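**Student:** File query.tsv follows (TSV, C-alpha atoms):
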chain	number	residue	atom	x	y	z
A	17	MET	CA	5.82	8.95	-19.62
A	18	ARG	CA	2.31	10.24	-20.23
A	19	SER	CA	1.98	14.01	-19.73
A	20	SER	CA	-0.74	15.11	-17.36
A	21	GLY	CA	-1.40	18.42	-19.06
A	22	PHE	CA	-0.62	20.32	-15.87
A	23	THR	CA	2.52	21.05	-13.84
A	24	SER	CA	2.45	17.86	-11.82
A	25	ALA	CA	5.79	18.66	-10.13
A	26	ARG	CA	4.32	21.75	-8.49
A	27	VAL	CA	1.15	20.09	-7.21
A	28	GLN	CA	3.16	17.06	-6.11
A	29	GLU	CA	5.37	19.35	-4.02
A	30	GLN	CA	2.22	20.82	-2.47
A	31	MET	CA	1.06	17.29	-1.62
A	32	ILE	CA	4.37	16.53	0.10
A	33	GLN	CA	4.17	19.77	2.08
A	34	LEU	CA	0.66	18.82	3.21
A	35	MET	CA	1.95	15.41	4.37
A	36	LEU	CA	4.50	17.23	6.52
A	37	GLU	CA	1.82	19.48	7.98
A	38	MET	CA	-0.37	16.45	8.73
A	39	GLY	CA	2.38	14.83	10.78
A	40	ILE	CA	4.35	12.54	8.47
A	41	LYS	CA	7.84	12.77	9.96
A	42	ASP	CA	9.88	10.15	8.10
A	43	PHE	CA	11.64	11.96	5.28
A	44	ARG	CA	12.42	8.61	3.63
A	45	VAL	CA	8.70	8.17	3.05
A	46	LEU	CA	8.22	11.72	1.82
A	47	ASP	CA	11.17	11.33	-0.54
A	48	ALA	CA	9.76	8.11	-2.00
A	49	MET	CA	6.34	9.69	-2.50
A	50	SER	CA	7.91	12.70	-4.21
A	51	GLN	CA	9.40	10.33	-6.79
A	52	VAL	CA	6.18	8.46	-7.63
A	53	PRO	CA	3.83	10.35	-10.00
A	54	ARG	CA	0.38	9.55	-8.58
A	55	HIS	CA	-1.51	10.65	-11.70
A	56	ILE	CA	-0.02	7.77	-13.68
A	57	PHE	CA	-2.12	5.36	-11.59
A	58	LEU	CA	-5.41	7.09	-12.40
A	59	ASP	CA	-7.60	7.51	-15.46
A	60	GLU	CA	-6.75	10.70	-17.33
A	61	ALA	CA	-10.09	12.26	-16.38
A	62	LEU	CA	-8.90	12.35	-12.74
A	63	TRP	CA	-5.38	13.69	-13.33
A	64	SER	CA	-6.30	17.21	-12.23
A	65	ARG	CA	-7.21	15.80	-8.80
A	66	ALA	CA	-4.36	13.28	-8.55
A	67	TYR	CA	-2.37	15.15	-5.89
A	68	GLU	CA	-5.27	16.05	-3.64
A	69	ASN	CA	-5.32	14.27	-0.29
A	70	ARG	CA	-8.30	12.09	-1.09
A	71	SER	CA	-9.06	8.58	-2.23
A	72	LEU	CA	-10.17	8.31	-5.86
A	73	THR	CA	-11.90	5.63	-7.86
A	74	ILE	CA	-9.87	3.19	-9.94
A	75	GLY	CA	-12.90	1.23	-11.14
A	76	TYR	CA	-14.22	-2.19	-10.11
A	77	LYS	CA	-15.59	-0.68	-6.85
A	78	GLN	CA	-12.01	-0.04	-5.67
A	79	THR	CA	-10.11	3.13	-4.79
A	80	ILE	CA	-6.57	4.46	-4.64
A	81	SER	CA	-5.86	5.41	-1.02
A	82	GLN	CA	-5.42	9.05	-0.07
A	83	PRO	CA	-1.72	10.07	0.00
A	84	TYR	CA	-1.71	10.64	3.77
A	85	ILE	CA	-2.80	7.04	4.45
A	86	VAL	CA	-0.22	5.65	2.01
A	87	ALA	CA	2.45	7.70	3.77
A	88	LYS	CA	1.24	6.79	7.27
A	89	MET	CA	1.05	3.05	6.62
A	90	THR	CA	4.49	3.08	5.01
A	91	GLU	CA	5.87	5.08	7.93
A	92	HIS	CA	4.48	2.54	10.40
A	93	LEU	CA	5.89	-0.35	8.39
A	94	ILE	CA	9.49	0.93	8.43
A	95	SER	CA	9.45	2.80	11.77
A	96	HIS	CA	11.80	0.29	13.45
A	97	THR	CA	14.50	0.95	10.82
A	98	SER	CA	16.73	3.99	10.40
A	99	LYS	CA	18.85	3.47	7.31
A	100	ARG	CA	18.01	4.85	3.90
A	101	GLY	CA	17.29	2.72	0.90
A	102	ARG	CA	15.89	-0.79	0.79
A	103	VAL	CA	15.75	-1.61	4.50
A	104	MET	CA	13.78	-4.86	4.05
A	105	LYS	CA	14.23	-7.96	1.93
A	106	LYS	CA	10.59	-8.81	1.24
A	107	ILE	CA	7.30	-7.00	1.77
A	108	LEU	CA	3.89	-8.55	1.15
A	109	GLU	CA	1.19	-6.15	-0.02
A	110	ILE	CA	-2.43	-7.33	0.05
A	111	GLY	CA	-4.86	-5.40	-2.13
A	112	SER	CA	-2.40	-3.74	-4.46
A	113	GLY	CA	-5.09	-2.06	-6.57
A	114	CYS	CA	-3.61	0.10	-9.32
A	115	GLY	CA	-0.05	-0.22	-7.96
A	116	TYR	CA	0.50	3.17	-6.30
A	117	GLN	CA	1.26	1.87	-2.80
A	118	SER	CA	3.39	-0.84	-4.42
A	119	ALA	CA	5.45	1.81	-6.18
A	120	VAL	CA	6.07	3.68	-2.92
A	121	LEU	CA	7.02	0.45	-1.13
A	122	SER	CA	9.47	-0.44	-3.91
A	123	TYR	CA	11.91	2.09	-2.44
A	124	PHE	CA	12.08	0.19	0.87
A	125	ALA	CA	12.45	-3.50	-0.03
A	126	GLU	CA	14.48	-5.64	-2.37
A	127	GLU	CA	11.25	-7.32	-3.46
A	128	ILE	CA	7.55	-6.52	-3.14
A	129	CYS	CA	5.12	-9.43	-3.46
A	130	ALA	CA	1.71	-7.91	-4.18
A	131	VAL	CA	-1.65	-9.68	-4.21
A	132	GLU	CA	-4.78	-8.31	-5.89
A	133	ARG	CA	-8.13	-10.12	-6.18
A	134	VAL	CA	-9.49	-8.10	-9.15
A	135	LYS	CA	-7.88	-9.36	-12.34
A	136	PRO	CA	-8.11	-6.19	-14.49
A	137	LEU	CA	-6.39	-4.24	-11.70
A	138	VAL	CA	-3.53	-6.74	-11.76
A	139	MET	CA	-3.06	-5.99	-15.45
A	140	LYS	CA	-3.42	-2.24	-14.90
A	141	SER	CA	-0.90	-2.11	-12.05
A	142	ARG	CA	1.64	-4.15	-14.00
A	143	GLU	CA	1.31	-1.70	-16.89
A	144	ASN	CA	1.68	1.31	-14.57
A	145	LEU	CA	4.79	-0.07	-12.88
A	146	ARG	CA	6.31	-1.08	-16.21
A	147	GLU	CA	5.82	2.48	-17.46
A	148	LEU	CA	7.73	3.80	-14.43
A	149	GLY	CA	10.52	1.24	-14.86
A	150	ILE	CA	9.94	-0.34	-11.43
A	151	ARG	CA	11.12	-3.94	-11.59
A	152	ASN	CA	11.22	-5.24	-8.02
A	153	ILE	CA	7.47	-5.88	-7.70
A	154	LEU	CA	5.71	-9.18	-8.41
A	155	ILE	CA	1.92	-8.97	-8.67
A	156	LYS	CA	-0.28	-12.05	-8.34
A	157	HIS	CA	-4.01	-12.42	-9.02
A	158	ALA	CA	-5.05	-14.22	-5.86
A	159	ASP	CA	-7.11	-14.24	-2.67
A	160	GLY	CA	-5.52	-11.92	-0.11
A	161	PHE	CA	-6.68	-14.09	2.78
A	162	GLU	CA	-4.30	-16.77	1.49
A	163	GLY	CA	-1.29	-14.43	1.53
A	164	TRP	CA	1.33	-15.12	-1.13
A	165	GLY	CA	0.45	-18.82	-1.19
A	166	GLU	CA	4.03	-20.01	-0.90
A	167	SER	CA	6.27	-20.99	2.01
A	168	VAL	CA	8.06	-17.66	2.25
A	169	LYS	CA	8.28	-15.14	5.10
A	170	PHE	CA	8.22	-11.37	4.95
A	171	ASP	CA	9.82	-8.51	6.86
A	172	GLY	CA	6.57	-6.57	6.60
A	173	ILE	CA	2.97	-6.95	5.43
A	174	ILE	CA	0.71	-4.07	4.44
A	175	CYS	CA	-2.97	-4.48	3.67
A	176	ALA	CA	-5.14	-2.01	1.74
A	177	ALA	CA	-8.53	-3.56	2.53
A	178	ALA	CA	-10.26	-4.01	5.87
A	179	PRO	CA	-11.25	-7.39	7.32
A	180	ARG	CA	-13.61	-7.50	10.32
A	181	GLU	CA	-10.73	-9.01	12.29
A	182	TYR	CA	-7.17	-9.30	11.07
A	183	PRO	CA	-6.30	-12.82	9.85
A	184	LYS	CA	-4.01	-14.43	12.44
A	185	GLU	CA	-2.55	-16.51	9.61
A	186	LEU	CA	-0.80	-13.41	8.31
A	187	LEU	CA	1.32	-13.25	11.46
A	188	GLU	CA	2.72	-16.67	10.58
A	189	LEU	CA	4.09	-15.16	7.36
A	190	LEU	CA	6.15	-12.55	9.25
A	191	GLU	CA	9.78	-12.76	10.24
A	192	ILE	CA	10.54	-12.01	13.89
A	193	ASN	CA	10.29	-8.21	14.44
A	194	GLY	CA	8.29	-7.92	11.22
A	195	LYS	CA	5.15	-5.77	11.16
A	196	LEU	CA	1.63	-6.17	9.86
A	197	VAL	CA	-0.06	-2.84	9.05
A	198	ILE	CA	-3.76	-3.37	8.44
A	199	PRO	CA	-7.12	-1.57	8.73
A	200	VAL	CA	-9.61	-3.56	10.81
A	201	GLY	CA	-13.35	-3.24	11.34
A	202	LEU	CA	-16.69	-2.69	9.66
A	203	GLU	CA	-17.39	0.22	7.33
A	204	GLY	CA	-17.56	3.43	9.34
A	205	HIS	CA	-15.82	1.84	12.32
A	206	GLN	CA	-12.32	0.98	11.16
A	207	LYS	CA	-9.04	1.47	12.97
A	208	LEU	CA	-5.47	1.12	11.71
A	209	TYR	CA	-3.66	-1.71	13.49
A	210	VAL	CA	0.12	-2.15	13.65
A	211	ILE	CA	1.05	-5.63	14.87
A	212	THR	CA	4.69	-6.52	15.56
A	213	LYS	CA	5.74	-10.17	15.73
A	214	THR	CA	8.02	-10.38	18.78
A	215	SER	CA	8.56	-14.16	18.74
A	216	GLU	CA	7.14	-17.20	16.98
A	217	SER	CA	4.30	-17.30	19.51
A	218	GLU	CA	3.91	-13.66	20.62
A	219	HIS	CA	3.04	-10.32	19.09
A	220	GLU	CA	2.23	-6.75	20.12
A	221	GLU	CA	-0.73	-4.72	18.87
A	222	VAL	CA	-0.98	-0.95	18.66
A	223	ILE	CA	-4.24	0.63	17.48
A	224	HIS	CA	-3.95	3.96	15.67
A	225	GLU	CA	-6.31	6.39	13.95
A	226	ASP	CA	-9.68	5.93	12.31
A	227	VAL	CA	-9.46	4.91	8.65
A	228	ALA	CA	-11.85	4.14	5.79
A	229	PHE	CA	-11.03	1.25	3.45
A	230	VAL	CA	-13.00	-1.03	1.16
A	231	PRO	CA	-13.83	-4.34	2.87
A	232	MET	CA	-11.42	-7.23	2.49
A	233	LEU	CA	-13.29	-9.91	0.53
A	234	PRO	CA	-12.41	-13.58	0.04
A	235	GLY	CA	-11.83	-15.18	-3.33
A	236	THR	CA	-10.89	-13.58	-6.64
A	237	SER	CA	-12.82	-11.53	-9.20
A	238	LYS	CA	-12.68	-11.13	-12.97
A	239	GLY	CA	-13.59	-7.49	-12.41
A	240	ALA	CA	-17.23	-6.56	-12.77
A	241	ILE	CA	-17.34	-2.75	-12.87
Here is a file; write its structure as structure tokens.
**Tutor:**
Amino acid sequence: MRSSGFTSARVQEQMIQLMLEMGIKDFRVLDAMSQVPRHIFLDEALWSRAYENRSLTIGYKQTISQPYIVAKMTEHLISHTSKRGRVMKKILEIGSGCGYQSAVLSYFAEEICAVERVKPLVMKSRENLRELGIRNILIKHADGFEGWGESVKFDGIICAAAPREYPKELLELLEINGKLVIPVGLEGHQKLYVITKTSESEHEEVIHEDVAFVPMLPGTSKGAI
């Protein structure tokens, strides 16, 4: 694995301690994040800032989410489970970016199906995950509004880009009791939604804290920087 040139273990431990102080309570999430080296997913010029609690650029007008948001969204997604290990069969991730959130999710599902609209980021995330030896993630270059594009259902869906309103079609892709965790709203006015599918025709919405994500755009991109 590439060396960061600094003691990443120490600063990673500081990041985990900060997550605790900020209110992340699920030790399964903290444990997973302690095992994923965040600097690997960034350009080397940003390695010294990799474990700060901030979003950072990954090129192509996209960012890697701040660690707290990655932890919080993961915590919401698995909050109805209590066992350790891979508590879900399939998770759909929309807007997988450089693969960091995907890597964290890989500890909680047998298979992660990740969608990314920017083609160079698909290639970059595949390379990052291959370097870490993570093999239960499939990454597709596709339009996130179309989901995975196959007739398959998921135990959870997590979205790392914000639509103005969450696509109701995504609820159809959930198993009963599955959750959709998604930021919703215009730039500067986004909230984190957690939607639980309670039956084939009903769901429950809970609106959580303010968040700041790139907008969720339709279509695919070859990756203009």
**Student:** Which residue gives the smallest distance to Asp59 (chain A) among A:Lys41, A:Lys105, A:Lys140, A:His219, with all atoms listed in the file counted?
**Tutor:** A:Lys140
**Student:** Residues within 12 Å of (-15.2, -10.7, -10.7), file coordinates, counting all atoms listed in the file: what are they? Give the list as a count of residues only.
**Tutor:** 20
**Student:** Show me, as a ChimeraX atom specification, the residues that have an atom within 7 Å of Val168 (chain A) when counting only C-alpha atoms, minus same-chain residues fewer than 2 positions from it.
**Tutor:** /A:166,170,189
**Student:** Quick check, in Å to one decimal: how far apart do CA of Arg54 (chain A) and CA of His205 (chain A) lie?
**Tutor:**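 CA of His205 (chain A) lies at a distance of 27.5 Å from CA of Arg54 (chain A).
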**Student:** Using all atoms listed in the file for the distances, tell me which of A:Ser24, A:Thr73, A:Ser64, A:Gln117 is nearest to Ile85 (chain A).
**Tutor:** A:Gln117
**Student:** Enter the distance from CA of Cys175 (chain A) to CA of Ala25 (chain A), in Å, rounded to one decimal.
**Tutor:**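 We find that CA of Cys175 (chain A) and CA of Ala25 (chain A) lie 28.3 Å from each other.
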**Student:** Fewer than 4 positions away in the same chain doesn't count, so skip those; otherwise give me all residues within 9 Å of Asp42 (chain A), counting all atoms listed in the file, as an NGL selection string.
**Tutor:** :A and (46-47 or 87 or 91 or 95)
**Student:** To one decimal place, how far is CA of Arg151 (chain A) from CA of Ser118 (chain A) in Å?
**Tutor:** 11.0 Å
**Student:** Rank A:Val27, A:Leu196, A:Val45, A:Met139 by their smallest atom-to-atom distance to Ser122 (chain A), using all atoms listed in the file, and report the top residue only.
**Tutor:**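 Closest to Ser122 (chain A), using all atoms listed in the file: A:Val45.
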**Student:** May I have the protein, DNA and RNA residues with an atom at most 12 Å from (-4.3, -1.5, 20.0), counting all atoms listed in the file in the file's coordinates, returned as an MDAnalysis selection string?
**Tutor:** chainID A and resid 197:200 207:212 219:226
**Student:** Using only C-alpha atoms, determine which residues lie at most 8 Å from Leu145 (chain A), disregarding the query and same-chain residues fewer than 4 positions distant; provide the list as a PyMOL selection string.
**Tutor:** chain A and resi 115+119+141+149-151
**Student:** With distances taken over only C-alpha atoms, which residue among A:Gly39, A:Pro231, A:Gly204, A:Gly163 lies nearest Ala178 (chain A)?
**Tutor:** A:Pro231
**Student:** Which of these residues is nearest to Lys88 (chain A), using all atoms listed in the file: A:Ile155, A:Ile40, A:Val138, A:Ile192?
**Tutor:**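 Going through A:Ile155, A:Ile40, A:Val138, A:Ile192 one by one, the smallest distance to Lys88 (chain A) is for A:Ile40.
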**Student:** Which residue out of A:Ile56, A:Ala176, A:Val230, A:Ala130 has the minimum interatomic distance to Met89 (chain A) when all atoms listed in the file are used?
**Tutor:**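 Closest to Met89 (chain A) of all the choices is A:Ala176.
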